[in-house]
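This is coords_6.cif. It holds mmCIF, C-alpha atoms.
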```cif
data_entry
loop_
_atom_site.label_atom_id
_atom_site.label_comp_id
_atom_site.auth_asym_id
_atom_site.auth_seq_id
_atom_site.Cartn_x
_atom_site.Cartn_y
_atom_site.Cartn_z
CA MET M 1 0.00 0.00 0.00
CA ALA M 2 2.73 2.43 0.99
CA ILE M 3 4.91 1.97 -2.09
CA THR M 4 1.90 2.29 -4.40
CA THR M 5 0.95 5.49 -2.60
CA VAL M 6 4.46 6.91 -2.96
CA ILE M 7 4.66 6.04 -6.68
CA ILE M 8 1.27 7.53 -7.50
CA ALA M 9 1.81 10.68 -5.44
CA TYR M 10 5.39 11.54 -6.38
CA TRP M 11 6.11 9.89 -9.72
CA LEU M 12 2.67 10.31 -11.27
CA GLY M 13 1.99 13.64 -9.54
CA ARG M 14 -1.48 12.84 -8.20
CA GLU M 15 -2.89 14.48 -5.09
CA PRO M 16 -2.23 12.59 -1.83
CA VAL M 17 -5.82 11.47 -1.22
CA VAL M 18 -5.98 9.85 -4.68
CA ALA M 19 -2.62 8.17 -4.06
CA TRP M 20 -3.78 6.80 -0.71
CA MET M 21 -7.04 5.58 -2.24
CA ALA M 22 -5.16 3.77 -5.02
CA GLY M 23 -2.79 2.31 -2.44
CA LEU M 24 -5.77 1.06 -0.44
CA PHE M 25 -7.32 -0.58 -3.52
CA VAL M 26 -4.04 -2.29 -4.42
CA PHE M 27 -3.62 -3.44 -0.81
CA LEU M 28 -7.15 -4.88 -0.69
CA GLY M 29 -6.56 -6.71 -3.97
CA TYR M 30 -3.29 -8.10 -2.61
CA VAL M 31 -4.95 -9.31 0.60
CA ILE M 32 -7.78 -10.94 -1.37
CA HIS M 33 -5.18 -12.70 -3.51
CA LEU M 34 -3.37 -13.99 -0.42
CA VAL M 35 -6.59 -15.19 1.23
CA LEU M 36 -7.54 -17.05 -1.95
CA ASP M 37 -4.06 -18.58 -2.00
CA GLU M 38 -4.57 -19.79 1.56
CA MET M 39 -7.97 -21.20 0.66
CA TYR M 40 -6.34 -23.12 -2.20
CA SER M 41 -3.93 -24.62 0.35
CA VAL M 42 -6.81 -26.51 1.95
CA ASP M 43 -7.83 -29.62 0.03
CA ILE M 44 -11.49 -30.07 0.95
CA THR M 45 -12.06 -33.17 -1.18
CA GLY M 46 -9.07 -34.99 0.33
CA ALA M 47 -9.68 -33.47 3.79
CA ARG M 48 -6.07 -32.44 4.21
CA ILE M 49 -4.04 -29.26 4.50
CA LYS M 50 -1.19 -28.77 2.05
CA ARG M 51 2.34 -27.91 3.22
CA SER M 52 2.02 -24.42 1.76
CA PHE M 53 -0.82 -23.51 4.15
CA GLY M 54 0.02 -20.38 6.13
CA SER M 55 2.88 -19.24 3.93
CA ALA M 56 0.96 -16.56 2.02
CA LEU M 57 -0.13 -14.55 5.05
CA LYS M 58 3.05 -15.03 7.06
CA LEU M 59 4.42 -11.64 8.19
CA PHE M 60 7.72 -12.90 9.59
CA ASP M 61 9.81 -15.92 8.56
CA ARG M 62 11.93 -17.41 11.35
CA ASN M 63 14.01 -19.33 8.80
CA SER M 64 15.02 -16.10 7.07
CA THR M 65 15.17 -13.40 9.71
CA SER M 66 17.50 -11.19 7.67
CA ALA M 67 15.05 -11.04 4.75
CA SER M 68 12.17 -10.37 7.14
CA MET M 69 14.08 -7.57 8.84
CA LEU M 70 15.05 -6.09 5.47
CA MET M 71 11.40 -6.05 4.40
CA ALA M 72 10.38 -4.44 7.70
CA GLY M 73 13.06 -1.79 7.21
CA ALA M 74 11.91 -1.14 3.65
CA LEU M 75 8.34 -0.73 4.89
CA VAL M 76 9.38 1.77 7.57
CA ALA M 77 11.50 3.72 5.06
CA THR M 78 8.61 3.85 2.61
CA LEU M 79 6.17 4.97 5.30
CA LEU M 80 8.52 7.84 6.15
CA VAL M 81 8.24 9.27 2.62
CA THR M 82 4.52 8.71 2.01
CA PRO M 83 2.44 11.81 1.29
CA PRO M 84 0.31 13.37 4.05
CA SER M 85 -2.63 11.17 5.00
CA GLU M 86 -4.79 13.57 7.02
CA GLU M 87 -7.36 14.17 4.25
CA PHE M 88 -7.48 10.43 3.46
CA ARG M 89 -8.10 9.54 7.11
CA ARG M 90 -10.76 12.26 7.35
CA ILE M 91 -12.68 11.04 4.32
CA MET M 92 -12.44 7.39 5.38
CA GLN M 93 -14.75 8.07 8.32
CA PRO M 94 -18.03 6.25 7.66
CA HIS M 95 -20.20 9.31 6.96
CA GLN M 96 -17.50 10.84 4.78
CA VAL M 97 -16.86 7.75 2.62
CA THR M 98 -20.25 7.84 0.92
CA GLN M 99 -19.98 11.55 0.21
CA PHE M 100 -16.42 11.18 -1.14
CA PHE M 101 -17.39 8.42 -3.56
CA ARG M 102 -20.43 10.34 -4.72
CA GLU M 103 -18.45 13.52 -5.40
CA ARG M 104 -15.12 12.22 -6.72
CA MET M 105 -15.40 8.62 -7.87
CA PHE M 106 -18.80 8.32 -9.52
CA PRO M 107 -19.58 10.03 -12.83
CA GLN M 108 -21.30 13.38 -12.38
CA LYS M 109 -23.71 12.92 -15.31
CA GLY M 110 -24.57 9.30 -14.57
CA TRP M 111 -23.07 6.01 -15.67
CA PHE M 112 -24.77 5.73 -19.04
CA GLN M 113 -25.56 9.35 -19.85
CA SER M 114 -24.37 9.26 -23.46
CA ARG M 115 -26.25 6.05 -24.16
CA SER M 116 -29.47 7.14 -22.43
CA ALA M 117 -29.67 10.23 -24.66
CA GLY M 118 -29.77 7.96 -27.71
CA MET M 119 -32.24 5.61 -26.03
CA ALA M 120 -34.76 8.44 -25.67
CA ALA M 121 -35.30 8.32 -29.43
CA LEU M 122 -36.42 4.68 -29.32
CA PRO M 123 -40.17 4.08 -29.60
CA HIS M 124 -41.93 3.05 -26.41
CA GLY M 125 -43.61 0.08 -28.07
CA GLY M 126 -40.60 -2.13 -27.47
CA GLY M 127 -39.67 -2.38 -31.13
CA THR M 128 -36.40 -1.37 -32.65
CA ALA M 129 -35.85 2.03 -34.12
CA SER M 130 -34.13 2.48 -37.43
CA VAL M 131 -31.21 4.82 -37.28
CA ALA M 132 -30.47 6.97 -40.28
CA PRO M 133 -26.87 6.69 -41.42
CA ASN M 134 -24.64 9.67 -40.78
CA SER M 135 -24.22 11.68 -43.97
CA SER M 136 -20.56 12.28 -43.24
CA THR M 137 -19.65 8.57 -43.30
CA ARG M 138 -18.82 6.78 -46.52
CA ALA M 139 -19.84 3.27 -47.45
CA GLU M 140 -16.82 1.12 -48.16
#
```
Can you dump the structure from the file as structure tokens?
Amino acid sequence: MAITTVIIAYWLGREPVVAWMAGLFVFLGYVIHLVLDEMYSVDITGARIKRSFGSALKLFDRNSTSASMLMAGALVATLLVTPPSEEFRRIMQPHQVTQFFRERMFPQKGWFQSRSAGMAALPHGGGTASVAPNSSTRAE
């Protein structure tokens, strides 16, 4: 989440709240992927648990403490350079989330505005309307 936030904020030049939102979406996708990987580690038909069970969601590996410490250090270093998160934390409050999505994430004119304008010309009888060809297009 943190590295995605840093990349989007500083390299792509997006505002911090957008970078944090993208980081959250990437993080949620990553967690879903890991949970599905853990679910795959359980063989329901054979009623057994595979050796790989637990490896996807493991935060620290005792067999490789140096790699685990390096990853923890990289996380701390990345968190130190992340953009400000005050606005993101403010809008993630339950009453603010709905308003934020309505104002910034959903289309202002509706999802299918361009299509619904063309649909208004269709007859109400349920039949199909014939559309006159555009005079500026050529037949090939």
Choose the residue, out of M:His33, M:Ile8, M:Asp61, M:Ala19, that has the smallest atom-to-atom separation from Phe88 in chain M; count all atoms listed in the file.
->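 That would be M:Ala19, the residue with the smallest distance to Phe88 in chain M.
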Between CA of Tyr10 in chain M and CA of Thr78 in chain M, measure the distance and give it in Å to one decimal.
->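 Pair CA of Tyr10 in chain M / CA of Thr78 in chain M returns 12.3 Å.
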Could you jot down the CA of Thr5 in chain M to CA of Ala77 in chain M separation for me, Å, one decimal place?
-> 13.2 Å
Could you expand the PyMOL selection byres ((chain M and resi 87) around 12) into the explicit residues it covers here, written as a ChimeraX atom specification?
-> /M:15-21,83-86,88-93,96-97,100
Of the residues M:Gln99, M:Leu57, M:Arg51, M:Thr45, which is the one nearest to Ile32 in chain M, using only C-alpha atoms?
->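 When distances to Ile32 in chain M are compared using only C-alpha atoms, the smallest one comes from M:Leu57.
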Could you please determine the separation between CA of Met105 in chain M and CA of Ala22 in chain M in Å, to one decimal place?
->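 Between these atoms lies a distance of 11.7 Å.
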